[in-house]
>>> print(open('upload.pdb').read())   # PDB, C-alpha atoms and all ligand atoms
MODEL        1
ATOM      1  CA  MET A 137     -75.671  62.529 -56.476  1.00  0.00           C
ATOM      2  CA  LEU A 138     -78.920  61.779 -54.623  1.00  0.00           C
ATOM      3  CA  PRO A 139     -78.367  64.493 -51.973  1.00  0.00           C
ATOM      4  CA  ALA A 140     -78.171  66.983 -54.873  1.00  0.00           C
ATOM      5  CA  TYR A 141     -81.147  65.596 -56.798  1.00  0.00           C
ATOM      6  CA  VAL A 142     -83.624  65.521 -53.904  1.00  0.00           C
ATOM      7  CA  PRO A 143     -83.693  69.245 -52.841  1.00  0.00           C
ATOM      8  CA  ASN A 144     -85.345  70.672 -56.002  1.00  0.00           C
ATOM      9  CA  PRO A 145     -88.428  68.405 -56.067  1.00  0.00           C
ATOM     10  CA  ILE A 146     -88.855  68.774 -52.295  1.00  0.00           C
ATOM     11  CA  ALA A 147     -88.608  72.571 -52.631  1.00  0.00           C
ATOM     12  CA  ALA A 148     -91.341  72.422 -55.279  1.00  0.00           C
ATOM     13  CA  LEU A 149     -93.444  70.221 -53.009  1.00  0.00           C
ATOM     14  CA  LEU A 150     -93.000  72.115 -49.736  1.00  0.00           C
ATOM     15  CA  GLY A 151     -91.930  75.592 -50.897  1.00  0.00           C
ATOM     16  CA  GLY A 152     -94.003  78.765 -50.758  1.00  0.00           C
ATOM     17  CA  GLY A 153     -94.399  81.684 -48.397  1.00  0.00           C
ATOM     18  CA  THR A 154     -91.815  84.425 -47.970  1.00  0.00           C
ATOM     19  CA  PRO A 155     -89.608  84.797 -51.055  1.00  0.00           C
ATOM     20  CA  ILE A 156     -85.839  84.858 -50.404  1.00  0.00           C
ATOM     21  CA  ASP A 157     -85.624  88.329 -52.012  1.00  0.00           C
ATOM     22  CA  PHE A 158     -88.563  89.536 -49.796  1.00  0.00           C
ATOM     23  CA  GLY A 159     -90.351  90.612 -52.983  1.00  0.00           C
ATOM     24  CA  LYS A 160     -87.710  93.251 -53.717  1.00  0.00           C
ATOM     25  CA  ASN A 161     -86.613  94.468 -57.109  1.00  0.00           C
ATOM     26  CA  SER A 162     -83.123  94.903 -58.472  1.00  0.00           C
ATOM     27  CA  PRO A 163     -82.080  98.319 -59.900  1.00  0.00           C
ATOM     28  CA  ASP A 164     -83.099  96.941 -63.316  1.00  0.00           C
ATOM     29  CA  ARG A 165     -86.694  97.013 -61.933  1.00  0.00           C
ATOM     30  CA  ARG A 166     -87.041  93.277 -62.158  1.00  0.00           C
ATOM     31  CA  ARG A 167     -87.266  90.966 -59.167  1.00  0.00           C
ATOM     32  CA  ILE A 168     -83.923  90.004 -57.614  1.00  0.00           C
ATOM     33  CA  LEU A 169     -84.863  86.288 -57.603  1.00  0.00           C
ATOM     34  CA  GLY A 170     -88.633  86.054 -57.978  1.00  0.00           C
ATOM     35  CA  ASP A 171     -91.459  84.298 -56.136  1.00  0.00           C
ATOM     36  CA  GLY A 172     -90.153  80.866 -57.185  1.00  0.00           C
ATOM     37  CA  LYS A 173     -87.336  81.006 -54.594  1.00  0.00           C
ATOM     38  CA  THR A 174     -88.627  80.857 -51.019  1.00  0.00           C
ATOM     39  CA  TYR A 175     -87.102  80.302 -47.569  1.00  0.00           C
ATOM     40  CA  ARG A 176     -89.377  77.328 -46.966  1.00  0.00           C
ATOM     41  CA  GLY A 177     -88.309  75.651 -50.221  1.00  0.00           C
ATOM     42  CA  LEU A 178     -84.653  76.313 -49.418  1.00  0.00           C
ATOM     43  CA  PHE A 179     -84.925  75.007 -45.840  1.00  0.00           C
ATOM     44  CA  PHE A 180     -86.895  71.830 -46.521  1.00  0.00           C
ATOM     45  CA  GLY A 181     -85.017  71.136 -49.758  1.00  0.00           C
ATOM     46  CA  VAL A 182     -81.599  71.227 -48.094  1.00  0.00           C
ATOM     47  CA  LEU A 183     -82.945  69.292 -45.103  1.00  0.00           C
ATOM     48  CA  ALA A 184     -84.332  66.567 -47.394  1.00  0.00           C
ATOM     49  CA  GLY A 185     -81.080  66.354 -49.374  1.00  0.00           C
ATOM     50  CA  ILE A 186     -79.012  65.994 -46.210  1.00  0.00           C
ATOM     51  CA  SER A 187     -81.468  63.415 -44.816  1.00  0.00           C
ATOM     52  CA  THR A 188     -81.109  61.403 -48.020  1.00  0.00           C
ATOM     53  CA  GLY A 189     -77.332  61.501 -47.610  1.00  0.00           C
ATOM     54  CA  LEU A 190     -77.627  60.389 -43.971  1.00  0.00           C
ATOM     55  CA  VAL A 191     -79.637  57.352 -45.102  1.00  0.00           C
ATOM     56  CA  GLN A 192     -76.943  56.620 -47.721  1.00  0.00           C
ATOM     57  CA  ILE A 193     -74.195  56.843 -45.084  1.00  0.00           C
ATOM     58  CA  TRP A 194     -76.194  54.640 -42.725  1.00  0.00           C
ATOM     59  CA  LEU A 195     -76.908  52.058 -45.464  1.00  0.00           C
ATOM     60  CA  SER A 196     -73.302  51.842 -46.599  1.00  0.00           C
ATOM     61  CA  GLY A 197     -72.163  51.346 -42.977  1.00  0.00           C
ATOM     62  CA  MET A 198     -74.884  48.818 -42.298  1.00  0.00           C
ATOM     63  CA  TYR A 199     -74.424  46.653 -45.371  1.00  0.00           C
ATOM     64  CA  GLY A 200     -70.819  47.473 -46.164  1.00  0.00           C
ATOM     65  CA  LEU A 201     -71.784  48.734 -49.609  1.00  0.00           C
ATOM     66  CA  SER A 202     -68.305  49.929 -50.435  1.00  0.00           C
ATOM     67  CA  SER A 203     -69.312  50.405 -54.081  1.00  0.00           C
ATOM     68  CA  LEU A 204     -71.494  53.349 -53.028  1.00  0.00           C
ATOM     69  CA  PRO A 205     -69.643  56.677 -53.048  1.00  0.00           C
ATOM     70  CA  LEU A 206     -68.066  57.336 -49.673  1.00  0.00           C
ATOM     71  CA  HIS A 207     -70.189  60.127 -48.384  1.00  0.00           C
ATOM     72  CA  THR A 208     -69.297  62.186 -45.342  1.00  0.00           C
ATOM     73  CA  TYR A 209     -71.396  64.691 -43.386  1.00  0.00           C
ATOM     74  CA  LEU A 210     -69.523  67.387 -45.281  1.00  0.00           C
ATOM     75  CA  SER A 211     -70.065  65.902 -48.748  1.00  0.00           C
ATOM     76  CA  ILE A 212     -73.826  65.444 -48.327  1.00  0.00           C
ATOM     77  CA  THR A 213     -74.196  68.962 -46.909  1.00  0.00           C
ATOM     78  CA  LEU A 214     -72.257  70.447 -49.826  1.00  0.00           C
ATOM     79  CA  LEU A 215     -74.249  68.493 -52.442  1.00  0.00           C
ATOM     80  CA  ALA A 216     -77.619  69.374 -50.902  1.00  0.00           C
ATOM     81  CA  SER A 217     -76.947  73.060 -50.296  1.00  0.00           C
ATOM     82  CA  GLY A 218     -74.971  73.410 -53.544  1.00  0.00           C
ATOM     83  CA  ALA A 219     -77.969  72.183 -55.538  1.00  0.00           C
ATOM     84  CA  LEU A 220     -80.192  74.995 -54.240  1.00  0.00           C
ATOM     85  CA  VAL A 221     -77.434  77.631 -54.208  1.00  0.00           C
ATOM     86  CA  GLY A 222     -76.993  76.802 -57.918  1.00  0.00           C
ATOM     87  CA  ASP A 223     -80.760  77.075 -58.428  1.00  0.00           C
ATOM     88  CA  ILE A 224     -80.816  80.507 -56.729  1.00  0.00           C
ATOM     89  CA  CYS A 225     -77.835  81.817 -58.753  1.00  0.00           C
ATOM     90  CA  LYS A 226     -79.538  80.557 -61.912  1.00  0.00           C
ATOM     91  CA  SER A 227     -82.713  82.483 -61.051  1.00  0.00           C
ATOM     92  CA  TYR A 228     -80.704  85.644 -60.294  1.00  0.00           C
ATOM     93  CA  ILE A 229     -79.071  85.559 -63.755  1.00  0.00           C
ATOM     94  CA  LYS A 230     -82.372  84.499 -65.353  1.00  0.00           C
ATOM     95  CA  ARG A 231     -84.119  87.596 -63.959  1.00  0.00           C
ATOM     96  CA  ARG A 232     -81.251  89.842 -65.123  1.00  0.00           C
ATOM     97  CA  LEU A 233     -81.781  88.435 -68.632  1.00  0.00           C
ATOM     98  CA  GLY A 234     -85.443  89.494 -68.375  1.00  0.00           C
ATOM     99  CA  LYS A 235     -86.836  85.960 -68.189  1.00  0.00           C
ATOM    100  CA  GLU A 236     -89.934  85.600 -66.005  1.00  0.00           C
ATOM    101  CA  ARG A 237     -90.363  83.114 -63.207  1.00  0.00           C
ATOM    102  CA  GLY A 238     -91.034  79.682 -64.682  1.00  0.00           C
ATOM    103  CA  GLU A 239     -89.997  80.725 -68.173  1.00  0.00           C
ATOM    104  CA  LYS A 240     -87.916  78.126 -70.007  1.00  0.00           C
ATOM    105  CA  TRP A 241     -84.156  78.559 -69.993  1.00  0.00           C
ATOM    106  CA  PRO A 242     -82.704  75.402 -71.551  1.00  0.00           C
ATOM    107  CA  ILE A 243     -79.439  73.971 -70.172  1.00  0.00           C
ATOM    108  CA  ALA A 244     -79.358  76.397 -67.213  1.00  0.00           C
ATOM    109  CA  ASP A 245     -82.648  75.068 -65.776  1.00  0.00           C
ATOM    110  CA  GLN A 246     -81.354  71.493 -65.986  1.00  0.00           C
ATOM    111  CA  TYR A 247     -77.742  71.848 -64.901  1.00  0.00           C
ATOM    112  CA  ASP A 248     -77.949  74.589 -62.244  1.00  0.00           C
ATOM    113  CA  LEU A 249     -78.029  72.009 -59.450  1.00  0.00           C
ATOM    114  CA  VAL A 250     -75.031  70.087 -60.797  1.00  0.00           C
ATOM    115  CA  ALA A 251     -73.007  73.274 -61.274  1.00  0.00           C
ATOM    116  CA  GLY A 252     -73.899  74.552 -57.789  1.00  0.00           C
ATOM    117  CA  ALA A 253     -73.136  71.235 -56.108  1.00  0.00           C
ATOM    118  CA  PHE A 254     -69.802  70.868 -57.902  1.00  0.00           C
ATOM    119  CA  VAL A 255     -68.722  74.462 -57.251  1.00  0.00           C
ATOM    120  CA  LEU A 256     -69.383  74.144 -53.493  1.00  0.00           C
ATOM    121  CA  MET A 257     -67.642  70.777 -53.520  1.00  0.00           C
ATOM    122  CA  LEU A 258     -64.603  72.187 -55.356  1.00  0.00           C
ATOM    123  CA  LEU A 259     -64.404  75.048 -52.857  1.00  0.00           C
ATOM    124  CA  PHE A 260     -64.824  73.089 -49.624  1.00  0.00           C
ATOM    125  CA  ASP A 261     -64.038  69.413 -50.330  1.00  0.00           C
ATOM    126  CA  PRO A 262     -62.195  69.137 -53.668  1.00  0.00           C
ATOM    127  CA  ALA A 263     -60.689  65.739 -52.749  1.00  0.00           C
ATOM    128  CA  TRP A 264     -64.192  64.231 -52.732  1.00  0.00           C
ATOM    129  CA  ILE A 265     -64.764  65.263 -56.361  1.00  0.00           C
ATOM    130  CA  PHE A 266     -61.426  63.972 -57.590  1.00  0.00           C
ATOM    131  CA  THR A 267     -61.898  60.647 -55.772  1.00  0.00           C
ATOM    132  CA  ASN A 268     -65.528  60.004 -56.657  1.00  0.00           C
ATOM    133  CA  ILE A 269     -66.445  61.863 -59.830  1.00  0.00           C
ATOM    134  CA  THR A 270     -64.495  59.963 -62.471  1.00  0.00           C
ATOM    135  CA  ILE A 271     -64.952  60.775 -66.169  1.00  0.00           C
ATOM    136  CA  PRO A 272     -67.505  57.948 -66.801  1.00  0.00           C
ATOM    137  CA  ILE A 273     -69.460  59.050 -63.714  1.00  0.00           C
ATOM    138  CA  LEU A 274     -69.361  62.673 -64.871  1.00  0.00           C
ATOM    139  CA  ILE A 275     -70.672  61.637 -68.303  1.00  0.00           C
ATOM    140  CA  SER A 276     -73.459  59.596 -66.650  1.00  0.00           C
ATOM    141  CA  ILE A 277     -74.415  62.610 -64.526  1.00  0.00           C
ATOM    142  CA  LEU A 278     -74.504  64.891 -67.586  1.00  0.00           C
ATOM    143  CA  ILE A 279     -76.747  62.418 -69.447  1.00  0.00           C
ATOM    144  CA  LEU A 280     -79.012  61.435 -66.536  1.00  0.00           C
ATOM    145  CA  THR A 281     -79.619  64.895 -65.080  1.00  0.00           C
ATOM    146  CA  PRO A 282     -81.771  66.409 -67.874  1.00  0.00           C
ATOM    147  CA  ILE A 283     -83.731  63.146 -68.221  1.00  0.00           C
ATOM    148  CA  LEU A 284     -84.485  62.969 -64.482  1.00  0.00           C
ATOM    149  CA  HIS A 285     -85.198  66.709 -64.410  1.00  0.00           C
ATOM    150  CA  ARG A 286     -87.770  66.445 -67.186  1.00  0.00           C
ATOM    151  CA  ALA A 287     -89.412  63.299 -65.787  1.00  0.00           C
ATOM    152  CA  VAL A 288     -89.737  64.679 -62.259  1.00  0.00           C
ATOM    153  CA  ASN A 289     -91.021  68.068 -63.463  1.00  0.00           C
ATOM    154  CA  MET A 290     -93.664  66.456 -65.703  1.00  0.00           C
ATOM    155  CA  PHE A 291     -94.764  64.394 -62.724  1.00  0.00           C
ATOM    156  CA  GLY A 292     -94.805  67.525 -60.539  1.00  0.00           C
ATOM    157  CA  TYR A 293     -96.927  69.302 -63.156  1.00  0.00           C
ATOM    158  CA  LEU A 294     -99.373  66.379 -63.349  1.00  0.00           C
ATOM    159  CA  ILE A 295     -99.903  66.306 -59.582  1.00  0.00           C
ATOM    160  CA  GLY A 296    -100.265  70.104 -59.530  1.00  0.00           C
ATOM    161  CA  VAL A 297     -97.080  70.979 -57.628  1.00  0.00           C
ATOM    162  CA  LYS A 298     -95.334  72.664 -60.592  1.00  0.00           C
ATOM    163  CA  GLU A 299     -96.977  75.366 -62.680  1.00  0.00           C
ATOM    164  CA  VAL A 300     -95.115  74.342 -65.839  1.00  0.00           C
ATOM    165  CA  PRO A 301     -93.954  70.862 -66.949  1.00  0.00           C
ATOM    166  CA  TRP A 302     -90.267  71.930 -67.276  1.00  0.00           C
TER     167      TRP A 302
HETATM  168  N1  LIG A 401     -89.169  76.541 -54.799  1.00  0.00           N
HETATM  169  C1  LIG A 401     -89.141  77.245 -53.596  1.00  0.00           C
HETATM  170  N2  LIG A 401     -87.964  77.652 -53.056  1.00  0.00           N
HETATM  171  C2  LIG A 401     -86.775  77.373 -53.675  1.00  0.00           C
HETATM  172  C3  LIG A 401     -86.771  76.658 -54.901  1.00  0.00           C
HETATM  173  C4  LIG A 401     -87.998  76.260 -55.433  1.00  0.00           C
HETATM  174  O1  LIG A 401     -90.206  77.498 -53.009  1.00  0.00           O
HETATM  175  N3  LIG A 401     -85.623  77.785 -53.105  1.00  0.00           N
HETATM  176  C5  LIG A 401     -90.481  76.104 -55.340  1.00  0.00           C
HETATM  177  C6  LIG A 401     -91.272  77.255 -55.986  1.00  0.00           C
HETATM  178  O2  LIG A 401     -92.627  77.055 -55.717  1.00  0.00           O
HETATM  179  C7  LIG A 401     -90.981  77.076 -57.468  1.00  0.00           C
HETATM  180  C8  LIG A 401     -90.911  75.568 -57.590  1.00  0.00           C
HETATM  181  O3  LIG A 401     -90.304  75.141 -56.362  1.00  0.00           O
HETATM  182  O4  LIG A 401     -91.953  77.627 -58.293  1.00  0.00           O
HETATM  183  C9  LIG A 401     -90.106  75.076 -58.785  1.00  0.00           C
HETATM  184  O5  LIG A 401     -88.768  75.530 -58.730  1.00  0.00           O
HETATM  185  P1  LIG A 401     -88.038  76.156 -60.003  1.00  0.00           P
HETATM  186  O6  LIG A 401     -88.422  75.465 -61.252  1.00  0.00           O
HETATM  187  O7  LIG A 401     -86.604  76.230 -59.661  1.00  0.00           O
HETATM  188  O8  LIG A 401     -88.622  77.662 -59.991  1.00  0.00           O
HETATM  189  P2  LIG A 401     -89.410  78.501 -61.082  1.00  0.00           P
HETATM  190  O9  LIG A 401     -90.770  78.805 -60.530  1.00  0.00           O
HETATM  191  O10 LIG A 401     -89.314  77.846 -62.406  1.00  0.00           O
HETATM  192  O11 LIG A 401     -88.608  79.878 -61.106  1.00  0.00           O
HETATM  193  P3  LIG A 401     -87.287  80.288 -61.936  1.00  0.00           P
HETATM  194  O12 LIG A 401     -87.743  80.844 -63.246  1.00  0.00           O
HETATM  195  O13 LIG A 401     -86.668  81.324 -61.068  1.00  0.00           O
HETATM  196  O14 LIG A 401     -86.440  79.052 -62.090  1.00  0.00           O
HETATM  197 MG    MG A 402     -87.910  76.607 -63.314  1.00  0.00          MG
ENDMDL
END
>>> encode(input="upload.pdb", output="structure tokens")
Amino acid sequence: MLPAYVPNPIAALLGGGTPIDFGKNSPDRRRILGDGKTYRGLFFGVLAGISTGLVQIWLSGMYGLSSLPLHTYLSITLLASGALVGDICKSYIKRRLGKERGEKWPIADQYDLVAGAFVLMLLFDPAWIFTNITIPILISILILTPILHRAVNMFGYLIGVKEVPW
């Protein structure tokens, strides 16, 4: 799951500049996505997630770590881009519900990346999911994700990269 976990913190670290929605409003007079979703965050986030996957592929080839999930160029691309596509869809719905940028939205804020990554995977490489995401692994992901999310966001808040610690 590393290629899906890396894009969000890197987007927070390197994001900024032109928002994906170009500052435009939706007919409901609220922002389409908001200033928290930028092209720079999207680009560097996906790039970092794919780079992480490339290192994983390289390591498993190098050391024959067959216990690591068998990543392919497709699987790491889908996990990395799915994570931020999920994040963007989450923000779109969040704005439609009238929640401001950075406002808390429990469950959705934590699992958007997992949902996005899995949806892209199901659409474009379903065999990978059924081979690698067994029930115990799925349960581990569901338990680990909110814990990692909280820990990384508190750290991001402490070093001044995130405006809120969630
Ligand atoms: N970020 C970005 N581009 C993205 C995703 C994230 O630039 N595609 C950066 C933004 O600076 C954002 C920060 O990462 O503020 C944290 O991301 P997130 O928590 O997802 O955004 P929020 O500001 O909380 O906005 P939202 O309420 O829409 O989730
Ligand atoms: Mg947020």
>>> resolve_selection(input="upload.pdb", expression="the PyMOL selection byres (((not hetatm)) within 7 of (chain A and resi 402))", output="ChimeraX atom specification")
/A:237-240,245,302
>>> closest_atom_pairs(input="upload.pdb", of="chain A", to="ligand LIG 401 (chain A)", cutoff="9 Å", atoms="all atoms listed in the file", output="JSON lines")
{"residue": "A:Pro143", "atom": "CA", "partner": "A:LIG401", "partner_atom": "C3", "distance": 8.3}
{"residue": "A:Asn144", "atom": "CA", "partner": "A:LIG401", "partner_atom": "C4", "distance": 6.2}
{"residue": "A:Pro145", "atom": "CA", "partner": "A:LIG401", "partner_atom": "O3", "distance": 7.0}
{"residue": "A:Ile146", "atom": "CA", "partner": "A:LIG401", "partner_atom": "O3", "distance": 7.7}
{"residue": "A:Ala147", "atom": "CA", "partner": "A:LIG401", "partner_atom": "N1", "distance": 4.6}
{"residue": "A:Ala148", "atom": "CA", "partner": "A:LIG401", "partner_atom": "O3", "distance": 3.1}
{"residue": "A:Leu149", "atom": "CA", "partner": "A:LIG401", "partner_atom": "O3", "distance": 6.7}
{"residue": "A:Leu150", "atom": "CA", "partner": "A:LIG401", "partner_atom": "O1", "distance": 6.9}
{"residue": "A:Gly151", "atom": "CA", "partner": "A:LIG401", "partner_atom": "O1", "distance": 3.3}
{"residue": "A:Gly152", "atom": "CA", "partner": "A:LIG401", "partner_atom": "O1", "distance": 4.6}
{"residue": "A:Gly153", "atom": "CA", "partner": "A:LIG401", "partner_atom": "O1", "distance": 7.5}
{"residue": "A:Thr154", "atom": "CA", "partner": "A:LIG401", "partner_atom": "O1", "distance": 8.7}
{"residue": "A:Pro155", "atom": "CA", "partner": "A:LIG401", "partner_atom": "O1", "distance": 7.6}
{"residue": "A:Ile156", "atom": "CA", "partner": "A:LIG401", "partner_atom": "N3", "distance": 7.6}
{"residue": "A:Leu169", "atom": "CA", "partner": "A:LIG401", "partner_atom": "O13", "distance": 6.3}
{"residue": "A:Gly170", "atom": "CA", "partner": "A:LIG401", "partner_atom": "O13", "distance": 6.0}
{"residue": "A:Asp171", "atom": "CA", "partner": "A:LIG401", "partner_atom": "O4", "distance": 7.0}
{"residue": "A:Gly172", "atom": "CA", "partner": "A:LIG401", "partner_atom": "O4", "distance": 3.9}
{"residue": "A:Lys173", "atom": "CA", "partner": "A:LIG401", "partner_atom": "N2", "distance": 3.7}
{"residue": "A:Thr174", "atom": "CA", "partner": "A:LIG401", "partner_atom": "N2", "distance": 3.9}
{"residue": "A:Tyr175", "atom": "CA", "partner": "A:LIG401", "partner_atom": "N2", "distance": 6.2}
{"residue": "A:Arg176", "atom": "CA", "partner": "A:LIG401", "partner_atom": "O1", "distance": 6.1}
{"residue": "A:Gly177", "atom": "CA", "partner": "A:LIG401", "partner_atom": "N2", "distance": 3.5}
{"residue": "A:Leu178", "atom": "CA", "partner": "A:LIG401", "partner_atom": "N3", "distance": 4.1}
{"residue": "A:Phe179", "atom": "CA", "partner": "A:LIG401", "partner_atom": "N3", "distance": 7.8}
{"residue": "A:Phe180", "atom": "CA", "partner": "A:LIG401", "partner_atom": "N2", "distance": 8.8}
{"residue": "A:Gly181", "atom": "CA", "partner": "A:LIG401", "partner_atom": "N3", "distance": 7.5}
{"residue": "A:Leu220", "atom": "CA", "partner": "A:LIG401", "partner_atom": "N3", "distance": 6.2}
{"residue": "A:Val221", "atom": "CA", "partner": "A:LIG401", "partner_atom": "N3", "distance": 8.3}
{"residue": "A:Asp223", "atom": "CA", "partner": "A:LIG401", "partner_atom": "O7", "distance": 6.0}
{"residue": "A:Ile224", "atom": "CA", "partner": "A:LIG401", "partner_atom": "N3", "distance": 6.6}
{"residue": "A:Lys226", "atom": "CA", "partner": "A:LIG401", "partner_atom": "O14", "distance": 7.1}
{"residue": "A:Ser227", "atom": "CA", "partner": "A:LIG401", "partner_atom": "O13", "distance": 4.1}
{"residue": "A:Tyr228", "atom": "CA", "partner": "A:LIG401", "partner_atom": "O13", "distance": 7.4}
{"residue": "A:Lys230", "atom": "CA", "partner": "A:LIG401", "partner_atom": "O12", "distance": 6.8}
{"residue": "A:Arg231", "atom": "CA", "partner": "A:LIG401", "partner_atom": "O13", "distance": 7.4}
{"residue": "A:Lys235", "atom": "CA", "partner": "A:LIG401", "partner_atom": "O12", "distance": 7.2}
{"residue": "A:Glu236", "atom": "CA", "partner": "A:LIG401", "partner_atom": "O12", "distance": 5.9}
{"residue": "A:Arg237", "atom": "CA", "partner": "A:LIG401", "partner_atom": "O12", "distance": 3.5}
{"residue": "A:Gly238", "atom": "CA", "partner": "A:LIG401", "partner_atom": "O10", "distance": 3.4}
{"residue": "A:Glu239", "atom": "CA", "partner": "A:LIG401", "partner_atom": "O12", "distance": 5.4}
{"residue": "A:Lys240", "atom": "CA", "partner": "A:LIG401", "partner_atom": "O12", "distance": 7.3}
{"residue": "A:Trp241", "atom": "CA", "partner": "A:LIG401", "partner_atom": "O12", "distance": 8.0}
{"residue": "A:Asp245", "atom": "CA", "partner": "A:LIG401", "partner_atom": "O14", "distance": 6.6}
{"residue": "A:Asn289", "atom": "CA", "partner": "A:LIG401", "partner_atom": "O6", "distance": 8.1}
{"residue": "A:Val297", "atom": "CA", "partner": "A:LIG401", "partner_atom": "C8", "distance": 7.7}
{"residue": "A:Lys298", "atom": "CA", "partner": "A:LIG401", "partner_atom": "C9", "distance": 6.0}
{"residue": "A:Glu299", "atom": "CA", "partner": "A:LIG401", "partner_atom": "O4", "distance": 7.0}
{"residue": "A:Val300", "atom": "CA", "partner": "A:LIG401", "partner_atom": "O10", "distance": 7.6}
{"residue": "A:Trp302", "atom": "CA", "partner": "A:LIG401", "partner_atom": "O6", "distance": 7.2}
>>> write_last_selection(input="upload.pdb", atoms="C-alpha atoms", output="PDB file, in the frame of the given file")
ATOM      1  CA  PRO A 143     -83.693  69.245 -52.841  1.00  0.00           C
ATOM      2  CA  ASN A 144     -85.345  70.672 -56.002  1.00  0.00           C
ATOM      3  CA  PRO A 145     -88.428  68.405 -56.067  1.00  0.00           C
ATOM      4  CA  ILE A 146     -88.855  68.774 -52.295  1.00  0.00           C
ATOM      5  CA  ALA A 147     -88.608  72.571 -52.631  1.00  0.00           C
ATOM      6  CA  ALA A 148     -91.341  72.422 -55.279  1.00  0.00           C
ATOM      7  CA  LEU A 149     -93.444  70.221 -53.009  1.00  0.00           C
ATOM      8  CA  LEU A 150     -93.000  72.115 -49.736  1.00  0.00           C
ATOM      9  CA  GLY A 151     -91.930  75.592 -50.897  1.00  0.00           C
ATOM     10  CA  GLY A 152     -94.003  78.765 -50.758  1.00  0.00           C
ATOM     11  CA  GLY A 153     -94.399  81.684 -48.397  1.00  0.00           C
ATOM     12  CA  THR A 154     -91.815  84.425 -47.970  1.00  0.00           C
ATOM     13  CA  PRO A 155     -89.608  84.797 -51.055  1.00  0.00           C
ATOM     14  CA  ILE A 156     -85.839  84.858 -50.404  1.00  0.00           C
ATOM     15  CA  LEU A 169     -84.863  86.288 -57.603  1.00  0.00           C
ATOM     16  CA  GLY A 170     -88.633  86.054 -57.978  1.00  0.00           C
ATOM     17  CA  ASP A 171     -91.459  84.298 -56.136  1.00  0.00           C
ATOM     18  CA  GLY A 172     -90.153  80.866 -57.185  1.00  0.00           C
ATOM     19  CA  LYS A 173     -87.336  81.006 -54.594  1.00  0.00           C
ATOM     20  CA  THR A 174     -88.627  80.857 -51.019  1.00  0.00           C
ATOM     21  CA  TYR A 175     -87.102  80.302 -47.569  1.00  0.00           C
ATOM     22  CA  ARG A 176     -89.377  77.328 -46.966  1.00  0.00           C
ATOM     23  CA  GLY A 177     -88.309  75.651 -50.221  1.00  0.00           C
ATOM     24  CA  LEU A 178     -84.653  76.313 -49.418  1.00  0.00           C
ATOM     25  CA  PHE A 179     -84.925  75.007 -45.840  1.00  0.00           C
ATOM     26  CA  PHE A 180     -86.895  71.830 -46.521  1.00  0.00           C
ATOM     27  CA  GLY A 181     -85.017  71.136 -49.758  1.00  0.00           C
ATOM     28  CA  LEU A 220     -80.192  74.995 -54.240  1.00  0.00           C
ATOM     29  CA  VAL A 221     -77.434  77.631 -54.208  1.00  0.00           C
ATOM     30  CA  ASP A 223     -80.760  77.075 -58.428  1.00  0.00           C
ATOM     31  CA  ILE A 224     -80.816  80.507 -56.729  1.00  0.00           C
ATOM     32  CA  LYS A 226     -79.538  80.557 -61.912  1.00  0.00           C
ATOM     33  CA  SER A 227     -82.713  82.483 -61.051  1.00  0.00           C
ATOM     34  CA  TYR A 228     -80.704  85.644 -60.294  1.00  0.00           C
ATOM     35  CA  LYS A 230     -82.372  84.499 -65.353  1.00  0.00           C
ATOM     36  CA  ARG A 231     -84.119  87.596 -63.959  1.00  0.00           C
ATOM     37  CA  LYS A 235     -86.836  85.960 -68.189  1.00  0.00           C
ATOM     38  CA  GLU A 236     -89.934  85.600 -66.005  1.00  0.00           C
ATOM     39  CA  ARG A 237     -90.363  83.114 -63.207  1.00  0.00           C
ATOM     40  CA  GLY A 238     -91.034  79.682 -64.682  1.00  0.00           C
ATOM     41  CA  GLU A 239     -89.997  80.725 -68.173  1.00  0.00           C
ATOM     42  CA  LYS A 240     -87.916  78.126 -70.007  1.00  0.00           C
ATOM     43  CA  TRP A 241     -84.156  78.559 -69.993  1.00  0.00           C
ATOM     44  CA  ASP A 245     -82.648  75.068 -65.776  1.00  0.00           C
ATOM     45  CA  ASN A 289     -91.021  68.068 -63.463  1.00  0.00           C
ATOM     46  CA  VAL A 297     -97.080  70.979 -57.628  1.00  0.00           C
ATOM     47  CA  LYS A 298     -95.334  72.664 -60.592  1.00  0.00           C
ATOM     48  CA  GLU A 299     -96.977  75.366 -62.680  1.00  0.00           C
ATOM     49  CA  VAL A 300     -95.115  74.342 -65.839  1.00  0.00           C
ATOM     50  CA  TRP A 302     -90.267  71.930 -67.276  1.00  0.00           C
TER      51      TRP A 302
END
>>> atom_distance(input="upload.pdb", atom1="CA of Pro262 (chain A)", atom2="CA of Ser211 (chain A)")
9.8 Å
>>> resolve_selection(input="upload.pdb", expression="the PyMOL selection byres (((chain A and resi 243) around 12) and not hetatm)", output="list in words")
Lys226, Lys230, Lys240, Trp241, Pro242, Ala244, Asp245, Gln246, Tyr247, Asp248, Leu249, Val250, Ala251, Leu278, Ile279, Thr281, Pro282, Ile283, His285, Arg286 and Trp302 of chain A
>>> atom_distance(input="upload.pdb", atom1="CA of Met257 (chain A)", atom2="CA of Leu233 (chain A)")
27.2 Å
>>> atom_distance(input="upload.pdb", atom1="CA of Ile265 (chain A)", atom2="CA of Met137 (chain A)")
11.2 Å
>>> resolve_selection(input="upload.pdb", expression="the PyMOL selection byres (((chain A and resi 215) around 6) and not hetatm)", output="number ranges by chain")
A: 139-140, 212-214, 216-218, 253
>>> axis_aligned_box(input="upload.pdb", around="region 222-236 of chain A", padding_each_side="6 Å", output="lines of an AutoDock Vina configuration file")
center_x = -83.5
center_y = 83.3
center_z = -62.7
size_x = 24.9
size_y = 25.0
size_z = 23.9
>>> residues_around(input="upload.pdb", residues="Pro301 (chain A)", least_positions_apart="3", cutoff="9 Å", atoms="all atoms listed in the file", output="list in words")
Arg286, Ala287, Val288, Asn289, Met290, Phe291, Gly292, Tyr293, Leu294 and Lys298 of chain A
>>> closest_residue(input="upload.pdb", among="A:Ile295, A:Arg232, A:Val191, A:Ala219", to="Gly252 (chain A)", atoms="all atoms listed in the file")
A:Ala219
